[in-house]
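Enquirer: Structure file work_36.txt, compact mmCIF, C-alpha atoms and all ligand atoms, is pasted below:
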```txt
# COMPACT_ATOMS: atom_id res chain seq x y z
CA MET M 1 5.36 -45.08 -55.73
CA ASN M 2 8.10 -42.71 -54.56
CA VAL M 3 9.77 -43.24 -51.21
CA ILE M 4 12.57 -41.51 -49.31
CA LEU M 5 14.78 -43.43 -46.89
CA LEU M 6 15.90 -41.08 -44.13
CA GLY M 7 18.14 -41.85 -41.20
CA PRO M 8 21.61 -41.55 -39.71
CA PRO M 9 24.65 -43.12 -41.38
CA GLY M 10 24.57 -46.88 -40.85
CA ALA M 11 20.84 -47.05 -40.06
CA GLY M 12 20.61 -49.63 -42.86
CA LYS M 13 19.09 -47.49 -45.64
CA GLY M 14 21.10 -49.12 -48.43
CA THR M 15 20.53 -52.65 -47.06
CA LEU M 16 16.75 -52.13 -46.81
CA ALA M 17 16.61 -50.47 -50.24
CA HIS M 18 18.32 -53.52 -51.73
CA LEU M 19 15.69 -55.85 -50.21
CA VAL M 20 12.76 -53.63 -51.28
CA LYS M 21 14.15 -53.51 -54.81
CA GLN M 22 14.00 -57.33 -54.96
CA SER M 23 10.30 -57.25 -53.91
CA THR M 24 9.08 -54.35 -56.09
CA SER M 25 10.02 -52.73 -59.42
CA MET M 26 11.17 -49.51 -57.85
CA ALA M 27 14.49 -47.99 -58.87
CA HIS M 28 17.05 -47.40 -56.10
CA LEU M 29 18.79 -44.02 -56.24
CA SER M 30 21.59 -43.63 -53.69
CA THR M 31 23.46 -40.32 -53.88
CA GLY M 32 26.32 -41.90 -51.88
CA ASP M 33 26.67 -44.73 -54.44
CA ILE M 34 26.42 -42.32 -57.38
CA LEU M 35 29.09 -40.03 -55.89
CA ARG M 36 31.44 -42.96 -55.16
CA GLU M 37 31.01 -44.17 -58.77
CA GLU M 38 31.89 -40.67 -60.05
CA MET M 39 34.94 -40.66 -57.75
CA LYS M 40 36.03 -44.09 -58.97
CA ASN M 41 35.76 -42.93 -62.60
CA GLU M 42 37.63 -39.71 -61.73
CA THR M 43 35.04 -37.52 -63.45
CA ASP M 44 35.06 -33.74 -62.81
CA LEU M 45 32.16 -34.20 -60.43
CA GLY M 46 33.94 -37.09 -58.68
CA LYS M 47 37.05 -34.96 -58.20
CA GLU M 48 34.95 -32.11 -56.83
CA ALA M 49 33.06 -34.43 -54.43
CA LYS M 50 36.02 -36.52 -53.15
CA ASN M 51 37.19 -34.30 -50.26
CA PHE M 52 33.65 -33.73 -49.01
CA VAL M 53 32.75 -37.43 -49.08
CA GLU M 54 35.97 -38.74 -47.54
CA SER M 55 35.87 -36.24 -44.66
CA GLY M 56 32.17 -36.84 -43.92
CA GLN M 57 30.98 -33.38 -45.08
CA LEU M 58 27.99 -32.80 -47.33
CA VAL M 59 28.59 -32.26 -51.04
CA PRO M 60 27.03 -28.88 -52.07
CA ASP M 61 23.25 -29.07 -52.69
CA GLU M 62 23.52 -27.81 -56.24
CA LEU M 63 25.73 -30.75 -57.33
CA VAL M 64 23.64 -33.54 -55.80
CA THR M 65 20.32 -32.04 -56.87
CA LYS M 66 21.56 -31.90 -60.46
CA LEU M 67 22.59 -35.60 -60.28
CA ILE M 68 19.18 -36.66 -58.96
CA ALA M 69 17.17 -34.46 -61.35
CA HIS M 70 19.03 -35.97 -64.29
CA ARG M 71 18.39 -39.56 -63.20
CA VAL M 72 14.74 -38.98 -62.32
CA THR M 73 13.87 -37.24 -65.56
CA SER M 74 15.75 -39.76 -67.69
CA ASN M 75 14.32 -42.91 -65.94
CA GLY M 76 11.05 -41.48 -64.61
CA GLN M 77 8.74 -43.06 -67.14
CA ASP M 78 10.38 -46.52 -67.10
CA SER M 79 10.38 -47.43 -63.42
CA ASP M 80 7.64 -48.04 -60.84
CA GLY M 81 8.91 -45.05 -58.91
CA PHE M 82 12.02 -44.36 -56.88
CA MET M 83 13.56 -45.16 -53.55
CA PHE M 84 15.71 -42.16 -52.68
CA ASP M 85 18.53 -43.25 -50.36
CA GLY M 86 20.68 -40.48 -48.82
CA PHE M 87 18.75 -37.75 -50.63
CA PRO M 88 17.44 -35.28 -49.57
CA ARG M 89 19.85 -34.40 -46.76
CA THR M 90 19.08 -30.69 -46.32
CA THR M 91 15.90 -28.63 -46.36
CA GLY M 92 17.04 -27.12 -49.66
CA GLN M 93 17.37 -30.61 -51.22
CA ALA M 94 13.93 -31.57 -49.83
CA GLU M 95 12.37 -28.55 -51.55
CA ASP M 96 14.27 -29.33 -54.76
CA LEU M 97 12.96 -32.91 -54.69
CA THR M 98 9.37 -31.72 -54.35
CA GLY M 99 9.90 -29.64 -57.50
CA ILE M 100 11.57 -32.50 -59.41
CA LEU M 101 8.70 -34.91 -58.60
CA GLU M 102 6.08 -32.30 -59.51
CA GLY M 103 7.86 -32.06 -62.87
CA ILE M 104 7.24 -35.78 -63.58
CA LYS M 105 3.76 -35.67 -61.95
CA LYS M 106 4.63 -38.48 -59.52
CA PRO M 107 4.48 -37.13 -55.99
CA LEU M 108 6.18 -38.52 -52.93
CA ASP M 109 4.29 -41.28 -51.07
CA TYR M 110 6.39 -41.80 -47.94
CA ALA M 111 9.39 -40.47 -46.06
CA LEU M 112 10.59 -43.50 -44.09
CA TYR M 113 12.65 -42.55 -41.09
CA MET M 114 14.98 -45.30 -39.86
CA GLU M 115 15.95 -44.50 -36.28
CA SER M 116 19.16 -46.02 -34.91
CA THR M 117 21.48 -45.55 -31.93
CA LEU M 118 25.16 -44.48 -31.99
CA PRO M 119 26.67 -47.75 -30.58
CA VAL M 120 24.77 -49.74 -33.25
CA ILE M 121 25.85 -47.28 -35.95
CA ILE M 122 29.54 -47.50 -35.02
CA GLN M 123 29.42 -51.32 -34.81
CA ARG M 124 27.71 -51.53 -38.21
CA LEU M 125 29.85 -49.03 -40.09
CA SER M 126 33.20 -50.20 -38.74
CA GLY M 127 32.34 -53.77 -39.85
CA ARG M 128 30.88 -52.84 -43.24
CA ARG M 129 32.60 -54.18 -46.36
CA VAL M 130 31.54 -53.32 -49.92
CA CYS M 131 32.21 -55.15 -53.19
CA ARG M 132 34.51 -53.14 -55.43
CA LYS M 133 32.88 -54.64 -58.54
CA CYS M 134 29.09 -54.81 -57.94
CA GLY M 135 28.69 -52.64 -54.79
CA HIS M 136 26.98 -55.35 -52.71
CA VAL M 137 27.16 -54.54 -48.99
CA TYR M 138 28.31 -56.99 -46.26
CA HIS M 139 29.11 -56.84 -42.58
CA ILE M 140 31.97 -58.90 -41.17
CA LYS M 141 29.77 -60.16 -38.29
CA ASN M 142 26.09 -59.43 -39.13
CA ARG M 143 26.11 -60.28 -42.84
CA PRO M 144 29.41 -61.96 -43.64
CA PRO M 145 30.30 -63.21 -47.12
CA LYS M 146 30.75 -66.97 -47.54
CA LYS M 147 34.47 -66.48 -48.30
CA GLU M 148 36.29 -63.77 -46.35
CA GLY M 149 37.05 -60.69 -48.47
CA ILE M 150 35.24 -62.05 -51.57
CA CYS M 151 31.79 -61.06 -52.85
CA ASP M 152 29.22 -63.91 -52.94
CA GLN M 153 27.49 -62.36 -55.97
CA CYS M 154 30.38 -61.70 -58.36
CA ASP M 155 33.67 -62.84 -56.75
CA GLY M 156 34.75 -59.18 -56.56
CA GLU M 157 37.13 -57.94 -53.88
CA LEU M 158 35.56 -56.46 -50.71
CA TYR M 159 36.89 -53.16 -49.35
CA GLN M 160 36.28 -50.80 -46.46
CA ARG M 161 34.94 -47.32 -47.35
CA ALA M 162 37.36 -44.46 -46.65
CA ASP M 163 34.70 -42.73 -44.51
CA ASP M 164 33.99 -45.82 -42.37
CA ASN M 165 36.50 -45.07 -39.59
CA GLU M 166 35.36 -43.99 -36.11
CA GLU M 167 36.50 -40.34 -36.43
CA THR M 168 34.70 -39.78 -39.76
CA ILE M 169 31.62 -41.72 -38.59
CA ARG M 170 31.31 -39.28 -35.64
CA LYS M 171 31.71 -36.35 -38.05
CA ARG M 172 28.99 -37.78 -40.35
CA MET M 173 26.73 -38.20 -37.35
CA ASP M 174 27.25 -34.49 -36.37
CA VAL M 175 26.55 -33.41 -39.94
CA TYR M 176 23.42 -35.58 -39.95
CA LEU M 177 22.11 -34.11 -36.67
CA GLN M 178 22.71 -30.55 -37.85
CA ASN M 179 21.52 -30.73 -41.47
CA THR M 180 19.36 -33.79 -42.02
CA LYS M 181 17.43 -34.27 -38.76
CA PRO M 182 15.43 -31.01 -39.38
CA ILE M 183 13.91 -32.41 -42.56
CA ILE M 184 12.21 -35.15 -40.51
CA GLU M 185 9.90 -32.41 -39.20
CA TYR M 186 9.45 -31.08 -42.73
CA TYR M 187 7.98 -34.44 -43.82
CA GLU M 188 6.08 -34.94 -40.56
CA ARG M 189 4.23 -31.65 -41.19
CA GLN M 190 3.26 -32.96 -44.63
CA GLY M 191 1.90 -36.20 -43.12
CA MET M 192 4.35 -38.37 -45.06
CA LEU M 193 6.64 -39.53 -42.27
CA ARG M 194 6.63 -43.16 -41.12
CA LYS M 195 9.05 -44.34 -38.45
CA LEU M 196 10.95 -47.64 -38.56
CA ASP M 197 13.25 -49.11 -35.91
CA GLY M 198 16.57 -49.30 -37.78
CA ASP M 199 18.13 -51.44 -35.02
CA LYS M 200 15.86 -54.35 -36.02
CA GLU M 201 16.79 -57.14 -38.45
CA ALA M 202 16.61 -55.91 -42.06
CA GLU M 203 14.26 -58.74 -43.10
CA ASP M 204 11.82 -57.81 -40.28
CA LEU M 205 11.85 -54.21 -41.52
CA LEU M 206 11.14 -55.36 -45.04
CA ASN M 207 8.09 -57.33 -43.83
CA GLU M 208 6.84 -54.33 -41.85
CA LEU M 209 7.23 -52.12 -44.90
CA MET M 210 5.51 -54.48 -47.30
CA LYS M 211 2.55 -54.69 -44.88
CA LEU M 212 2.37 -50.88 -44.76
CA PHE M 213 2.49 -50.54 -48.57
CA ASP M 214 -0.13 -53.26 -48.92
CA ALA M 215 -2.47 -51.81 -46.27
CA ASP M 216 -2.33 -48.42 -48.04
CA GLY M 217 -3.01 -50.06 -51.41
CA LYS M 218 0.34 -48.86 -52.78
CA LEU M 219 1.55 -52.20 -54.09
CA ASN M 220 -1.44 -52.66 -56.41
CA ASN M 221 -1.73 -49.10 -57.64
CA HIS M 222 1.82 -48.62 -58.94
P1 LIG M 301 26.07 -42.33 -48.04
O1 LIG M 301 26.72 -43.37 -48.84
O2 LIG M 301 24.64 -42.01 -48.29
O3 LIG M 301 26.32 -42.64 -46.53
P2 LIG M 301 25.38 -42.56 -45.24
O4 LIG M 301 24.14 -41.78 -45.27
O5 LIG M 301 26.34 -42.17 -44.18
O6 LIG M 301 24.79 -43.92 -45.13
P3 LIG M 301 25.55 -45.24 -45.23
O7 LIG M 301 25.69 -45.70 -46.62
O8 LIG M 301 26.84 -45.15 -44.43
O9 LIG M 301 24.61 -46.18 -44.36
P4 LIG M 301 23.29 -46.96 -44.68
O10 LIG M 301 22.21 -46.41 -43.79
O11 LIG M 301 22.99 -47.08 -46.13
O12 LIG M 301 23.72 -48.37 -44.08
P5 LIG M 301 23.99 -49.79 -44.80
O13 LIG M 301 22.71 -50.36 -45.29
O14 LIG M 301 25.14 -49.72 -45.74
O15 LIG M 301 26.86 -40.94 -48.20
C1 LIG M 301 28.27 -40.88 -48.10
C2 LIG M 301 28.73 -39.45 -48.29
O16 LIG M 301 28.33 -38.95 -49.60
C3 LIG M 301 28.15 -38.41 -47.31
O17 LIG M 301 28.87 -38.37 -46.10
C4 LIG M 301 28.29 -37.12 -48.15
O18 LIG M 301 29.61 -36.66 -48.16
C5 LIG M 301 27.96 -37.57 -49.56
N1 LIG M 301 26.52 -37.44 -49.88
C6 LIG M 301 25.66 -38.47 -50.16
N2 LIG M 301 24.43 -38.00 -50.39
C7 LIG M 301 24.50 -36.64 -50.27
C8 LIG M 301 23.54 -35.62 -50.36
N3 LIG M 301 22.24 -35.87 -50.64
N4 LIG M 301 23.94 -34.33 -50.16
C9 LIG M 301 25.24 -34.05 -49.89
N5 LIG M 301 26.20 -35.00 -49.77
C10 LIG M 301 25.84 -36.29 -49.95
O19 LIG M 301 24.39 -50.65 -43.50
C11 LIG M 301 25.57 -50.40 -42.77
C12 LIG M 301 26.16 -51.74 -42.29
O20 LIG M 301 25.30 -52.36 -41.35
C13 LIG M 301 26.37 -52.77 -43.40
O21 LIG M 301 27.56 -53.46 -43.16
C14 LIG M 301 25.16 -53.72 -43.29
O22 LIG M 301 25.47 -55.04 -43.71
C15 LIG M 301 24.84 -53.65 -41.81
N6 LIG M 301 23.40 -53.66 -41.59
C16 LIG M 301 22.48 -52.89 -42.22
N7 LIG M 301 21.24 -53.12 -41.75
C17 LIG M 301 21.41 -54.05 -40.76
C18 LIG M 301 20.50 -54.69 -39.87
N8 LIG M 301 19.18 -54.39 -39.89
N9 LIG M 301 20.98 -55.57 -38.97
C19 LIG M 301 22.30 -55.85 -38.94
N10 LIG M 301 23.22 -55.29 -39.75
C20 LIG M 301 22.78 -54.39 -40.65
```
Would you encode the structure as C-alpha cells?
Expert:
Amino acid sequence: MNVILLGPPGAGKGTLAHLVKQSTSMAHLSTGDILREEMKNETDLGKEAKNFVESGQLVPDELVTKLIAHRVTSNGQDSDGFMFDGFPRTTGQAEDLTGILEGIKKPLDYALYMESTLPVIIQRLSGRRVCRKCGHVYHIKNRPPKKEGICDQCDGELYQRADDNEETIRKRMDVYLQNTKPIIEYYERQGMLRKLDGDKEAEDLLNELMKLFDADGKLNNH
C-alpha cells in the first residue's frame, strides 16, 4: 500500500508515520528527514538544500524528486509500500510521484490530509525536540522524554530544529498555503483524499487510520 501524508508543518505527519510504521511493514520516506541527513553529512545536496530548509523555503522540485525516485526504485520490491511524508509538496512533485509509482507498478492508495490550526502548529513546533542520534521526535509538554534533553530510545542529545522558531514557522505556513494546499484538490479529484483531524491525539488518529485500512481490505492485501 502506498500512502501520502499531507498537511501543514506541525500537523503531526512524522509522529503519525512513526506509529503506522510500528503497526505495518510500510517504509517511511520523509523528504525533510532525508534533507536534514544530507545537511548533517555535508554532502553536495545537503549544502545546496541548507539555505532553503533553514529559511522555510521549498527545495527545488528536481532535487527532491530525484531523492525520492532513487529510494523508491531501490527499496520498492522489499517493502510493503511507502508512507510519503512531506512529499509531494507541489503539483509538479505530485505528477512526478504518479510517474515514479507507475514505474514500479504500485499505485497510490490514499492521500491522507491532516488538518491543523495555526495556534496548535506554533505550540507544537516551538516545543518540538529531536534526537541528534536516532531522529526520534519529542515535545517538551505533549510528549516529553523521561530525562530532559536526553532521548529515551538511544540516550542521544535532543536539539531544536533551526526552522522551528516562530518567524520561520510562519514562513513555512505561507509556503504551505501557496504551494502545497492546491495539491489537496488534485488528490480529491482523483478520489484518493481522506481527511484526518491533526489536532487530535496521535494514538486516536492511528486507530482511525487502521480502521480505514482494514475496512478497505488494505491491511490483508499488501
Ligand atoms: P519537513 O521536515 O517535512 O517539515 P514540515 O512539513 O514543516 O513538517 P514537520 O516535520 O515540521 O511537521 P510534522 O507534521 O511532521 O510534525 P511532527 O510529527 O514532527 O520539511 C522541512 C523543510 O525541508 C521544508 O521547509 C523544506 O525546506 C524542505 N522540504 C522537505 N520536503 C520537501 C519537498 N517535498 N519539496 C521541497 N522542499 C522540501 O510533530 C510536531 C510536534 O508536535 C512534535 O513535537 C510532536 O511530538 C508533536 N505532536 C505531533 N502530533 C501530536 C499530537 N497528535 N498531539 C500532540 N502533540 C503532537
Enquirer: Using all atoms listed in the file for the distances, tell me which of M:Cys131, M:Ala162, M:Leu205, M:Met210 is nearest to Gly56 of chain M.
Expert: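 Closest residue, counting all atoms listed in the file: M:Ala162.
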Enquirer: Could you please extract the residues within 7 Å of ligand LIG 301 (chain M), counting all atoms listed in the file, and hand them back as an MDAnalysis selection string?
Expert: chainID M and resid 7:16 30:33 35 52:54 56:61 64 85:89 124:125 127:129 137:139 142:143 172 198:202
Enquirer: Mind dumping the selected residues with C-alpha atoms as a PDB file, keeping the file's coordinate frame?
Expert:
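Dumped everything to selection25.pdb:
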```
ATOM      1  CA  GLY M   7      18.140 -41.850 -41.200  1.00  0.00           C
ATOM      2  CA  PRO M   8      21.610 -41.550 -39.710  1.00  0.00           C
ATOM      3  CA  PRO M   9      24.650 -43.120 -41.380  1.00  0.00           C
ATOM      4  CA  GLY M  10      24.570 -46.880 -40.850  1.00  0.00           C
ATOM      5  CA  ALA M  11      20.840 -47.050 -40.060  1.00  0.00           C
ATOM      6  CA  GLY M  12      20.610 -49.630 -42.860  1.00  0.00           C
ATOM      7  CA  LYS M  13      19.090 -47.490 -45.640  1.00  0.00           C
ATOM      8  CA  GLY M  14      21.100 -49.120 -48.430  1.00  0.00           C
ATOM      9  CA  THR M  15      20.530 -52.650 -47.060  1.00  0.00           C
ATOM     10  CA  LEU M  16      16.750 -52.130 -46.810  1.00  0.00           C
ATOM     11  CA  SER M  30      21.590 -43.630 -53.690  1.00  0.00           C
ATOM     12  CA  THR M  31      23.460 -40.320 -53.880  1.00  0.00           C
ATOM     13  CA  GLY M  32      26.320 -41.900 -51.880  1.00  0.00           C
ATOM     14  CA  ASP M  33      26.670 -44.730 -54.440  1.00  0.00           C
ATOM     15  CA  LEU M  35      29.090 -40.030 -55.890  1.00  0.00           C
ATOM     16  CA  PHE M  52      33.650 -33.730 -49.010  1.00  0.00           C
ATOM     17  CA  VAL M  53      32.750 -37.430 -49.080  1.00  0.00           C
ATOM     18  CA  GLU M  54      35.970 -38.740 -47.540  1.00  0.00           C
ATOM     19  CA  GLY M  56      32.170 -36.840 -43.920  1.00  0.00           C
ATOM     20  CA  GLN M  57      30.980 -33.380 -45.080  1.00  0.00           C
ATOM     21  CA  LEU M  58      27.990 -32.800 -47.330  1.00  0.00           C
ATOM     22  CA  VAL M  59      28.590 -32.260 -51.040  1.00  0.00           C
ATOM     23  CA  PRO M  60      27.030 -28.880 -52.070  1.00  0.00           C
ATOM     24  CA  ASP M  61      23.250 -29.070 -52.690  1.00  0.00           C
ATOM     25  CA  VAL M  64      23.640 -33.540 -55.800  1.00  0.00           C
ATOM     26  CA  ASP M  85      18.530 -43.250 -50.360  1.00  0.00           C
ATOM     27  CA  GLY M  86      20.680 -40.480 -48.820  1.00  0.00           C
ATOM     28  CA  PHE M  87      18.750 -37.750 -50.630  1.00  0.00           C
ATOM     29  CA  PRO M  88      17.440 -35.280 -49.570  1.00  0.00           C
ATOM     30  CA  ARG M  89      19.850 -34.400 -46.760  1.00  0.00           C
ATOM     31  CA  ARG M 124      27.710 -51.530 -38.210  1.00  0.00           C
ATOM     32  CA  LEU M 125      29.850 -49.030 -40.090  1.00  0.00           C
ATOM     33  CA  GLY M 127      32.340 -53.770 -39.850  1.00  0.00           C
ATOM     34  CA  ARG M 128      30.880 -52.840 -43.240  1.00  0.00           C
ATOM     35  CA  ARG M 129      32.600 -54.180 -46.360  1.00  0.00           C
ATOM     36  CA  VAL M 137      27.160 -54.540 -48.990  1.00  0.00           C
ATOM     37  CA  TYR M 138      28.310 -56.990 -46.260  1.00  0.00           C
ATOM     38  CA  HIS M 139      29.110 -56.840 -42.580  1.00  0.00           C
ATOM     39  CA  ASN M 142      26.090 -59.430 -39.130  1.00  0.00           C
ATOM     40  CA  ARG M 143      26.110 -60.280 -42.840  1.00  0.00           C
ATOM     41  CA  ARG M 172      28.990 -37.780 -40.350  1.00  0.00           C
ATOM     42  CA  GLY M 198      16.570 -49.300 -37.780  1.00  0.00           C
ATOM     43  CA  ASP M 199      18.130 -51.440 -35.020  1.00  0.00           C
ATOM     44  CA  LYS M 200      15.860 -54.350 -36.020  1.00  0.00           C
ATOM     45  CA  GLU M 201      16.790 -57.140 -38.450  1.00  0.00           C
ATOM     46  CA  ALA M 202      16.610 -55.910 -42.060  1.00  0.00           C
TER      47      ALA M 202
END
```
Enquirer: Between atom CA of Tyr187 of chain M and atom CA of Ile100 of chain M, what is the distance, to one decimal in Å?
Expert: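 Computing the Euclidean distance for atom CA of Tyr187 of chain M and atom CA of Ile100 of chain M yields 16.1 Å.
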Enquirer: Pick out the closest residue to Arg71 of chain M from this set: M:Leu29, M:Met192, M:Met114, M:Ala94. Count all atoms listed in the file.
Expert: M:Leu29
Enquirer: With distances taken over only C-alpha atoms, which residue among M:Val130, M:Ile169, M:Leu177, M:Val20 lies nearest Asp155 of chain M?
Expert: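 Checking each of M:Val130, M:Ile169, M:Leu177, M:Val20 against Asp155 of chain M, counting only C-alpha atoms, the winner is M:Val130.
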Enquirer: Within 12 Å of segment 178-182 of chain M, which residues of segment 90-164 of chain M show up? Give each one with its shortest atom-to-atom distance in Å (one decimal) and the two atoms involved, counting only C-alpha atoms, rows by chain then rising residue number, as a Markdown table.
Expert:
```
| residue | atom | partner | partner_atom | distance |
| --- | --- | --- | --- | --- |
| M:Thr90 | CA | M:Thr180 | CA | 5.3 |
| M:Thr91 | CA | M:Pro182 | CA | 7.4 |
| M:Gly92 | CA | M:Asn179 | CA | 10.0 |
| M:Gln93 | CA | M:Thr180 | CA | 9.9 |
| M:Ala94 | CA | M:Thr180 | CA | 9.8 |
| M:Tyr113 | CA | M:Lys181 | CA | 9.8 |
| M:Met114 | CA | M:Lys181 | CA | 11.4 |
| M:Glu115 | CA | M:Lys181 | CA | 10.6 |
```
Enquirer: Kindly give the distance, in Å, that separates atom CA of Val175 of chain M and atom CA of Lys40 of chain M, rounded to a single decimal.
Expert: 23.8 Å
Enquirer: Report, in Å to a single decimal, how far apart atom CA of Ser74 of chain M and atom CA of Gln22 of chain M are.
Expert: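 These two atoms are separated by 21.8 Å.
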Enquirer: Rank nothing, just name the residue among M:Val72, M:Leu6, M:Ala49, M:Leu212 nearest to Tyr176 of chain M, using all atoms listed in the file.
Expert: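 With all atoms listed in the file as the atom set, the closest residue is M:Leu6.
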Enquirer: Could you list as an NGL selection string every residue that has an atom within 9 Å of (27.8, -50.9, -58.6), using the file's coordinates and counting all atoms listed in the file?
Expert: :M and (33-34 or 37 or 131-136)
Enquirer: Here is a test: counting only C-alpha atoms, which residue of M:Lys21, M:Asn51, M:Asn2, M:Gly191 is nearest to Ile104 of chain M?
Expert: M:Asn2
Enquirer: Could you give me, as a PyMOL selection string, the residues within 12 Å of Tyr110 of chain M, counting all atoms listed in the file and dropping anything in the same chain fewer than 4 positions from it?
Expert: chain M and resi 1-6+81-84+184+187-188+190-196+209+212-213+216+218
Enquirer: How big is the axis-aligned box, and where does its centre sit, when it encloses all atoms of segment 83-98 of chain M listed in the file and has 8 Å added on every side, reported in Å to one decimal as AutoDock Vina command-line options?
Expert:
```
--center_x 15.0 --center_y -36.1 --center_z -50.5 --size_x 27.3 --size_y 34.0 --size_z 24.4
```
Enquirer: When distances are computed from all atoms listed in the file, which of M:Val120, M:Ala27, M:Ile150, M:Ile68 shows the smallest separation from Asp197 of chain M?
Expert: M:Val120
Enquirer: Some atoms are absent from segment 6-17 of chain M, so rebuild N, CA, C and O atoms and return them as a PDB file, in the frame of the given file.
Expert:
```
ATOM      1  N   LEU M   6      15.182 -42.053 -44.940  1.00  0.00           N
ATOM      2  CA  LEU M   6      15.900 -41.080 -44.130  1.00  0.00           C
ATOM      3  C   LEU M   6      16.489 -41.783 -42.918  1.00  0.00           C
ATOM      4  O   LEU M   6      15.907 -42.741 -42.429  1.00  0.00           O
ATOM      5  N   GLY M   7      17.609 -41.265 -42.429  1.00  0.00           N
ATOM      6  CA  GLY M   7      18.140 -41.850 -41.200  1.00  0.00           C
ATOM      7  C   GLY M   7      19.619 -41.606 -41.101  1.00  0.00           C
ATOM      8  O   GLY M   7      20.269 -41.259 -42.090  1.00  0.00           O
ATOM      9  N   PRO M   8      20.187 -41.805 -39.910  1.00  0.00           N
ATOM     10  CA  PRO M   8      21.610 -41.550 -39.710  1.00  0.00           C
ATOM     11  C   PRO M   8      22.467 -42.511 -40.534  1.00  0.00           C
ATOM     12  O   PRO M   8      21.972 -43.551 -40.985  1.00  0.00           O
ATOM     13  N   PRO M   9      23.753 -42.194 -40.691  1.00  0.00           N
ATOM     14  CA  PRO M   9      24.650 -43.120 -41.380  1.00  0.00           C
ATOM     15  C   PRO M   9      24.594 -44.474 -40.675  1.00  0.00           C
ATOM     16  O   PRO M   9      24.563 -44.540 -39.442  1.00  0.00           O
ATOM     17  N   GLY M  10      24.532 -45.543 -41.444  1.00  0.00           N
ATOM     18  CA  GLY M  10      24.570 -46.880 -40.850  1.00  0.00           C
ATOM     19  C   GLY M  10      23.234 -47.377 -40.338  1.00  0.00           C
ATOM     20  O   GLY M  10      23.143 -48.483 -39.791  1.00  0.00           O
ATOM     21  N   ALA M  11      22.147 -46.591 -40.527  1.00  0.00           N
ATOM     22  CA  ALA M  11      20.840 -47.050 -40.060  1.00  0.00           C
ATOM     23  C   ALA M  11      20.363 -48.253 -40.878  1.00  0.00           C
ATOM     24  O   ALA M  11      19.434 -48.955 -40.484  1.00  0.00           O
ATOM     25  N   GLY M  12      20.986 -48.484 -42.031  1.00  0.00           N
ATOM     26  CA  GLY M  12      20.610 -49.630 -42.860  1.00  0.00           C
ATOM     27  C   GLY M  12      19.775 -49.233 -44.068  1.00  0.00           C
ATOM     28  O   GLY M  12      19.072 -50.064 -44.654  1.00  0.00           O
ATOM     29  N   LYS M  13      19.891 -47.981 -44.505  1.00  0.00           N
ATOM     30  CA  LYS M  13      19.090 -47.490 -45.640  1.00  0.00           C
ATOM     31  C   LYS M  13      19.398 -48.278 -46.914  1.00  0.00           C
ATOM     32  O   LYS M  13      18.502 -48.745 -47.607  1.00  0.00           O
ATOM     33  N   GLY M  14      20.688 -48.422 -47.199  1.00  0.00           N
ATOM     34  CA  GLY M  14      21.100 -49.120 -48.430  1.00  0.00           C
ATOM     35  C   GLY M  14      20.692 -50.592 -48.381  1.00  0.00           C
ATOM     36  O   GLY M  14      20.238 -51.159 -49.374  1.00  0.00           O
ATOM     37  N   THR M  15      20.866 -51.217 -47.210  1.00  0.00           N
ATOM     38  CA  THR M  15      20.530 -52.650 -47.060  1.00  0.00           C
ATOM     39  C   THR M  15      19.033 -52.854 -47.274  1.00  0.00           C
ATOM     40  O   THR M  15      18.610 -53.757 -48.012  1.00  0.00           O
ATOM     41  N   LEU M  16      18.207 -51.995 -46.654  1.00  0.00           N
ATOM     42  CA  LEU M  16      16.750 -52.130 -46.810  1.00  0.00           C
ATOM     43  C   LEU M  16      16.341 -51.842 -48.257  1.00  0.00           C
ATOM     44  O   LEU M  16      15.511 -52.565 -48.824  1.00  0.00           O
ATOM     45  N   ALA M  17      16.951 -50.817 -48.854  1.00  0.00           N
ATOM     46  CA  ALA M  17      16.610 -50.470 -50.240  1.00  0.00           C
ATOM     47  C   ALA M  17      16.876 -51.660 -51.174  1.00  0.00           C
ATOM     48  O   ALA M  17      16.085 -51.956 -52.070  1.00  0.00           O
TER      49      ALA M  17
END
```
